[in-house]
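A.B. asks: Pasting in a structure now, in structure tokens, and then I'll have a few things to ask.
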Amino acid sequence: CCRGIIMLKLSFFGDKKFDFGIEQLAEQLGFIISDGGYAVYAEKNDGRELEVTTDKYGATIRYPKDNCFFRGLSLAVMNAEKNSHIKVELLLDEFGTMQDCSDGLMSVEGLKEMIRQSALMGFTYMGMYMEATYEIEGEPYFGYKSGRYSQEELRSVAEYGNKMQVEIVPFIQTLGHGAQLFRWSGYSDIYDINNTMLVEYDRTYALIEKMISSLRECFSTDRIHLGMDEAYFMGLGRYRWFVDEKECDSRNLFIGHI
């Protein structure tokens, strides 16, 4: 909502947990927080509808879930001082987006901008797709020279999402899509074929456990999406040479064009 130089003065009456998000969205939605301003009241309801009622005196937002509030706020500001009654029925319990944070890292500020947009659309979560682009303690070559988020950066993004009522969920790869990983000889022993990890091999699972443990330290969610897609030739490479013979090591390994 762009109001040019004239900014809507807004006073909020509702749960204090929304105060941070209201401050973050003020400039984008075109209002300033002020005592005695346009009164916006918010209360939680027991249904599945987001209701926003506005008139010249103020606005009332009735939201079924916390993630719906900022969507209601945008509707309240858009229709401020008009007579309107808007109902939006929730058809899904969970909905959101997955942001590609692997093929060129999105900046932390860029991720926070996407979180604000997700909040305004009422999304419940935002996924961060990361192949080898996050820091793992004790694994210096994981994401080496391909860009990676530090643990502090991931914590910052997750915390920001929590304050904006958007759950931040890591989406990682645990079988295929290992092109970045297998650039380095330190991971040659867990290579099978075609950017795919070697299954039935202890060090492969030890690395996956490190991936999960590292992310659990950074994200407050209890959900991690484990991708295992496009491992088309799994078991047809080094697995046949070494695992079947219980001699899995890096002997005779040559990684050419990946």
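Residues in the structure tokens are numbered from 1 in each chain, the chains being A, B, ... in the order shown, and ligands are numbered from 1 in the order shown.
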Using DSSP assignments from the backbone, pull out every residue in segment 47-251 of chain A that falls under strand (DSSP E) and give it to me as an mmCIF file with N, CA, C and O atoms, in the first residue's frame.
C.D. replies:
```cif
data_model
loop_
_atom_site.group_PDB
_atom_site.id
_atom_site.type_symbol
_atom_site.label_atom_id
_atom_site.label_comp_id
_atom_site.auth_asym_id
_atom_site.auth_seq_id
_atom_site.Cartn_x
_atom_site.Cartn_y
_atom_site.Cartn_z
ATOM 1 N N GLU A 49 -11.609 -19.112 9.244
ATOM 2 C CA GLU A 49 -11.708 -17.918 8.398
ATOM 3 C C GLU A 49 -10.941 -16.755 9.005
ATOM 4 O O GLU A 49 -10.995 -16.512 10.214
ATOM 5 N N LEU A 50 -10.239 -16.067 8.128
ATOM 6 C CA LEU A 50 -9.644 -14.778 8.474
ATOM 7 C C LEU A 50 -10.668 -13.712 8.130
ATOM 8 O O LEU A 50 -11.134 -13.637 6.995
ATOM 9 N N GLU A 51 -11.037 -12.888 9.110
ATOM 10 C CA GLU A 51 -12.025 -11.840 8.903
ATOM 11 C C GLU A 51 -11.408 -10.482 9.198
ATOM 12 O O GLU A 51 -10.777 -10.304 10.246
ATOM 13 N N VAL A 52 -11.602 -9.559 8.295
ATOM 14 C CA VAL A 52 -11.105 -8.201 8.473
ATOM 15 C C VAL A 52 -12.247 -7.231 8.212
ATOM 16 O O VAL A 52 -12.812 -7.207 7.115
ATOM 17 N N THR A 53 -12.575 -6.442 9.221
ATOM 18 C CA THR A 53 -13.639 -5.450 9.118
ATOM 19 C C THR A 53 -13.045 -4.063 9.318
ATOM 20 O O THR A 53 -12.287 -3.847 10.277
ATOM 21 N N THR A 54 -13.347 -3.162 8.415
ATOM 22 C CA THR A 54 -12.810 -1.802 8.522
ATOM 23 C C THR A 54 -13.926 -0.767 8.354
ATOM 24 O O THR A 54 -14.935 -1.006 7.685
ATOM 25 N N GLY A 58 -11.798 2.475 12.641
ATOM 26 C CA GLY A 58 -10.756 1.503 12.922
ATOM 27 C C GLY A 58 -10.987 0.199 12.197
ATOM 28 O O GLY A 58 -11.868 0.084 11.344
ATOM 29 N N ALA A 59 -10.192 -0.797 12.556
ATOM 30 C CA ALA A 59 -10.263 -2.111 11.906
ATOM 31 C C ALA A 59 -10.196 -3.211 12.958
ATOM 32 O O ALA A 59 -9.563 -3.055 14.004
ATOM 33 N N THR A 60 -10.844 -4.315 12.656
ATOM 34 C CA THR A 60 -10.788 -5.496 13.518
ATOM 35 C C THR A 60 -10.337 -6.688 12.690
ATOM 36 O O THR A 60 -10.894 -6.961 11.625
ATOM 37 N N ILE A 61 -9.310 -7.367 13.180
ATOM 38 C CA ILE A 61 -8.784 -8.561 12.515
ATOM 39 C C ILE A 61 -9.083 -9.763 13.402
ATOM 40 O O ILE A 61 -8.657 -9.810 14.562
ATOM 41 N N ARG A 62 -9.805 -10.710 12.874
ATOM 42 C CA ARG A 62 -10.055 -11.967 13.582
ATOM 43 C C ARG A 62 -9.347 -13.069 12.801
ATOM 44 O O ARG A 62 -9.710 -13.366 11.673
ATOM 45 N N TYR A 63 -8.334 -13.655 13.424
ATOM 46 C CA TYR A 63 -7.473 -14.601 12.723
ATOM 47 C C TYR A 63 -7.559 -15.989 13.368
ATOM 48 O O TYR A 63 -7.561 -16.126 14.591
ATOM 49 N N SER A 84 -15.678 -1.933 4.892
ATOM 50 C CA SER A 84 -15.437 -3.205 4.204
ATOM 51 C C SER A 84 -15.487 -4.356 5.211
ATOM 52 O O SER A 84 -15.230 -4.174 6.411
ATOM 53 N N HIS A 85 -15.839 -5.524 4.689
ATOM 54 C CA HIS A 85 -15.830 -6.746 5.501
ATOM 55 C C HIS A 85 -15.329 -7.868 4.604
ATOM 56 O O HIS A 85 -15.980 -8.238 3.621
ATOM 57 N N ILE A 86 -14.150 -8.385 4.919
ATOM 58 C CA ILE A 86 -13.490 -9.371 4.072
ATOM 59 C C ILE A 86 -13.363 -10.681 4.842
ATOM 60 O O ILE A 86 -12.962 -10.686 6.010
ATOM 61 N N LYS A 87 -13.706 -11.789 4.170
ATOM 62 C CA LYS A 87 -13.536 -13.110 4.746
ATOM 63 C C LYS A 87 -12.665 -13.953 3.818
ATOM 64 O O LYS A 87 -12.875 -13.974 2.608
ATOM 65 N N VAL A 88 -11.686 -14.624 4.400
ATOM 66 C CA VAL A 88 -10.820 -15.526 3.647
ATOM 67 C C VAL A 88 -10.827 -16.880 4.343
ATOM 68 O O VAL A 88 -10.411 -16.992 5.505
ATOM 69 N N GLU A 89 -11.303 -17.911 3.659
ATOM 70 C CA GLU A 89 -11.356 -19.242 4.256
ATOM 71 C C GLU A 89 -10.027 -19.958 4.058
ATOM 72 O O GLU A 89 -9.446 -19.944 2.965
ATOM 73 N N GLY A 96 3.395 -23.004 1.827
ATOM 74 C CA GLY A 96 4.532 -22.090 1.820
ATOM 75 C C GLY A 96 5.326 -22.242 0.544
ATOM 76 O O GLY A 96 4.840 -22.773 -0.462
ATOM 77 N N THR A 97 6.578 -21.812 0.581
ATOM 78 C CA THR A 97 7.452 -21.851 -0.585
ATOM 79 C C THR A 97 8.784 -22.495 -0.197
ATOM 80 O O THR A 97 9.116 -22.624 0.983
ATOM 81 N N MET A 98 9.536 -22.890 -1.210
ATOM 82 C CA MET A 98 10.904 -23.345 -1.010
ATOM 83 C C MET A 98 11.825 -22.408 -1.783
ATOM 84 O O MET A 98 11.696 -22.280 -3.002
ATOM 85 N N GLN A 99 12.745 -21.760 -1.091
ATOM 86 C CA GLN A 99 13.684 -20.838 -1.721
ATOM 87 C C GLN A 99 14.987 -21.557 -2.039
ATOM 88 O O GLN A 99 15.521 -22.295 -1.213
ATOM 89 N N ASP A 100 15.482 -21.362 -3.263
ATOM 90 C CA ASP A 100 16.727 -22.008 -3.679
ATOM 91 C C ASP A 100 17.904 -21.272 -3.046
ATOM 92 O O ASP A 100 18.214 -20.142 -3.417
ATOM 93 N N TYR A 125 5.072 -21.681 6.369
ATOM 94 C CA TYR A 125 6.497 -21.998 6.416
ATOM 95 C C TYR A 125 7.200 -21.446 5.187
ATOM 96 O O TYR A 125 6.584 -21.107 4.169
ATOM 97 N N MET A 126 8.525 -21.362 5.295
ATOM 98 C CA MET A 126 9.377 -21.074 4.152
ATOM 99 C C MET A 126 10.544 -22.047 4.199
ATOM 100 O O MET A 126 11.240 -22.152 5.211
ATOM 101 N N GLY A 127 10.728 -22.790 3.123
ATOM 102 C CA GLY A 127 11.809 -23.761 3.062
ATOM 103 C C GLY A 127 13.070 -23.142 2.484
ATOM 104 O O GLY A 127 13.026 -22.297 1.596
ATOM 105 N N MET A 128 14.222 -23.567 3.010
ATOM 106 C CA MET A 128 15.529 -23.167 2.479
ATOM 107 C C MET A 128 16.184 -24.410 1.878
ATOM 108 O O MET A 128 16.583 -25.319 2.605
ATOM 109 N N TYR A 129 16.272 -24.447 0.533
ATOM 110 C CA TYR A 129 16.884 -25.597 -0.134
ATOM 111 C C TYR A 129 18.398 -25.401 -0.179
ATOM 112 O O TYR A 129 18.901 -24.466 -0.805
ATOM 113 N N MET A 130 19.119 -26.293 0.500
ATOM 114 C CA MET A 130 20.576 -26.177 0.598
ATOM 115 C C MET A 130 21.201 -27.538 0.327
ATOM 116 O O MET A 130 20.878 -28.516 1.000
ATOM 117 N N GLU A 167 7.442 -20.430 9.907
ATOM 118 C CA GLU A 167 8.387 -21.481 10.270
ATOM 119 C C GLU A 167 9.421 -21.646 9.161
ATOM 120 O O GLU A 167 9.062 -21.789 7.988
ATOM 121 N N ILE A 168 10.696 -21.617 9.511
ATOM 122 C CA ILE A 168 11.761 -21.791 8.528
ATOM 123 C C ILE A 168 12.232 -23.240 8.587
ATOM 124 O O ILE A 168 12.671 -23.723 9.625
ATOM 125 N N VAL A 169 12.127 -23.933 7.441
ATOM 126 C CA VAL A 169 12.396 -25.374 7.380
ATOM 127 C C VAL A 169 13.565 -25.631 6.430
ATOM 128 O O VAL A 169 13.530 -25.200 5.272
ATOM 129 N N PRO A 170 14.634 -26.319 6.896
ATOM 130 C CA PRO A 170 15.725 -26.669 5.981
ATOM 131 C C PRO A 170 15.351 -27.842 5.070
ATOM 132 O O PRO A 170 14.783 -28.832 5.526
ATOM 133 N N PHE A 171 15.674 -27.689 3.795
ATOM 134 C CA PHE A 171 15.507 -28.754 2.807
ATOM 135 C C PHE A 171 16.916 -29.135 2.342
ATOM 136 O O PHE A 171 17.600 -28.316 1.738
ATOM 137 N N ILE A 172 17.331 -30.365 2.612
ATOM 138 C CA ILE A 172 18.697 -30.753 2.265
ATOM 139 C C ILE A 172 18.693 -32.036 1.441
ATOM 140 O O ILE A 172 17.691 -32.732 1.347
ATOM 141 N N GLN A 173 19.867 -32.331 0.846
ATOM 142 C CA GLN A 173 20.037 -33.553 0.062
ATOM 143 C C GLN A 173 20.855 -34.562 0.852
ATOM 144 O O GLN A 173 21.870 -34.212 1.461
ATOM 145 N N TYR A 191 31.681 -41.565 -2.367
ATOM 146 C CA TYR A 191 31.160 -41.372 -3.724
ATOM 147 C C TYR A 191 30.798 -42.715 -4.348
ATOM 148 O O TYR A 191 31.583 -43.659 -4.323
ATOM 149 N N ASP A 192 29.606 -42.799 -4.914
ATOM 150 C CA ASP A 192 29.199 -44.003 -5.639
ATOM 151 C C ASP A 192 29.313 -43.741 -7.140
ATOM 152 O O ASP A 192 30.241 -44.193 -7.798
ATOM 153 N N ILE A 193 28.367 -42.965 -7.680
ATOM 154 C CA ILE A 193 28.351 -42.682 -9.113
ATOM 155 C C ILE A 193 27.421 -41.494 -9.363
ATOM 156 O O ILE A 193 26.441 -41.292 -8.649
ATOM 157 N N THR A 196 26.180 -39.223 -6.587
ATOM 158 C CA THR A 196 25.362 -39.934 -5.612
ATOM 159 C C THR A 196 26.227 -40.508 -4.493
ATOM 160 O O THR A 196 27.313 -41.036 -4.748
ATOM 161 N N MET A 197 25.724 -40.406 -3.268
ATOM 162 C CA MET A 197 26.446 -40.941 -2.119
ATOM 163 C C MET A 197 26.419 -42.468 -2.113
ATOM 164 O O MET A 197 25.505 -43.097 -2.647
ATOM 165 N N HIS A 225 13.514 -31.502 5.842
ATOM 166 C CA HIS A 225 13.170 -32.235 4.624
ATOM 167 C C HIS A 225 14.429 -32.906 4.087
ATOM 168 O O HIS A 225 15.419 -32.241 3.768
ATOM 169 N N LEU A 226 14.410 -34.238 3.995
ATOM 170 C CA LEU A 226 15.557 -34.991 3.500
ATOM 171 C C LEU A 226 15.320 -35.383 2.050
ATOM 172 O O LEU A 226 14.517 -36.268 1.760
ATOM 173 N N GLY A 227 16.011 -34.725 1.148
ATOM 174 C CA GLY A 227 15.860 -35.013 -0.270
ATOM 175 C C GLY A 227 16.731 -36.192 -0.683
ATOM 176 O O GLY A 227 17.881 -36.315 -0.265
#
```
A.B. asks: Find the residues around segment 149-157 of chain A up to 10 Å (only C-alpha atoms counted), leave out those fewer than 3 positions away in its own chain, and share them as JSON, numbers by chain.
C.D. replies: {"A": [101, 105, 106, 107, 108, 109, 111, 112, 115, 128, 130, 132, 133, 134, 135, 136, 137, 143, 160, 161, 162, 168, 170, 214, 215, 217, 218, 219, 220]}
A.B. asks: Per DSSP on the backbone, what are the alpha helix (DSSP H) residues of segment 21-238 of chain A, as a ChimeraX atom specification?
C.D. replies: /A:21-29,69-78,108-120,151-163,202-218,238
A.B. asks: With distances taken over only C-alpha atoms, which of A:Ile224, A:Ile32, A:Ala26, A:Ala39 is nearest to Gly14 of chain A?
C.D. replies: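 Ranking A:Ile224, A:Ile32, A:Ala26, A:Ala39 by distance to Gly14 of chain A, first place goes to A:Ala39.
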A.B. asks: Fewer than 6 positions away in the same chain doesn't count, so skip those; otherwise give me all residues within 9 Å of Asp66 of chain A, counting only C-alpha atoms, as a compact mmCIF listing (two decimals) with C-alpha atoms, in the first residue's frame.
C.D. replies:
```
# COMPACT_ATOMS: atom_id res chain seq x y z
CA PHE A 18 3.03 -9.28 16.69
CA LYS A 44 -8.00 -14.96 17.65
CA GLY A 122 -0.20 -15.93 5.35
CA THR A 124 2.91 -21.18 7.42
CA GLN A 165 5.13 -16.24 12.48
```
A.B. asks: Atom CA of Ser213 of chain A and atom CA of Asp93 of chain A are how many Å apart?
C.D. replies: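 Atom-to-atom, atom CA of Ser213 of chain A to atom CA of Asp93 of chain A, that is 27.6 Å.
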A.B. asks: For Trp184 of chain A, work out the shell of residues within 12 Å, counting only C-alpha atoms and skipping chain neighbours fewer than 4 positions away, then give it as a list in words.
C.D. replies: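 Returned residues: Ala132, Glu139, Pro140, Tyr141, Phe142, Gly143, Tyr144, Lys145, Ser146, Gly178, Ala179, Gln180, Ser188, Asp189, Ile190, Tyr191, Phe254, Ile255, Gly256 and Ile258 of chain A.
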A.B. asks: In Å to one decimal, how far is atom CA of Ala42 of chain A from atom CA of Pro64 of chain A?
C.D. replies: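 Between these atoms lies a distance of 10.9 Å.
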A.B. asks: Which value, in Å to one decimal, gives the distance between atom CA of Tyr205 of chain A and atom CA of Arg148 of chain A?
C.D. replies: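 These atoms are spaced 21.4 Å apart.
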A.B. asks: Out of A:Lys210, A:His177, A:Arg183, A:Lys17, which residue has the shortest atom-to-atom distance to Met234 of chain A when counting only C-alpha atoms?
C.D. replies: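 That would be A:His177, the residue with the smallest distance to Met234 of chain A.
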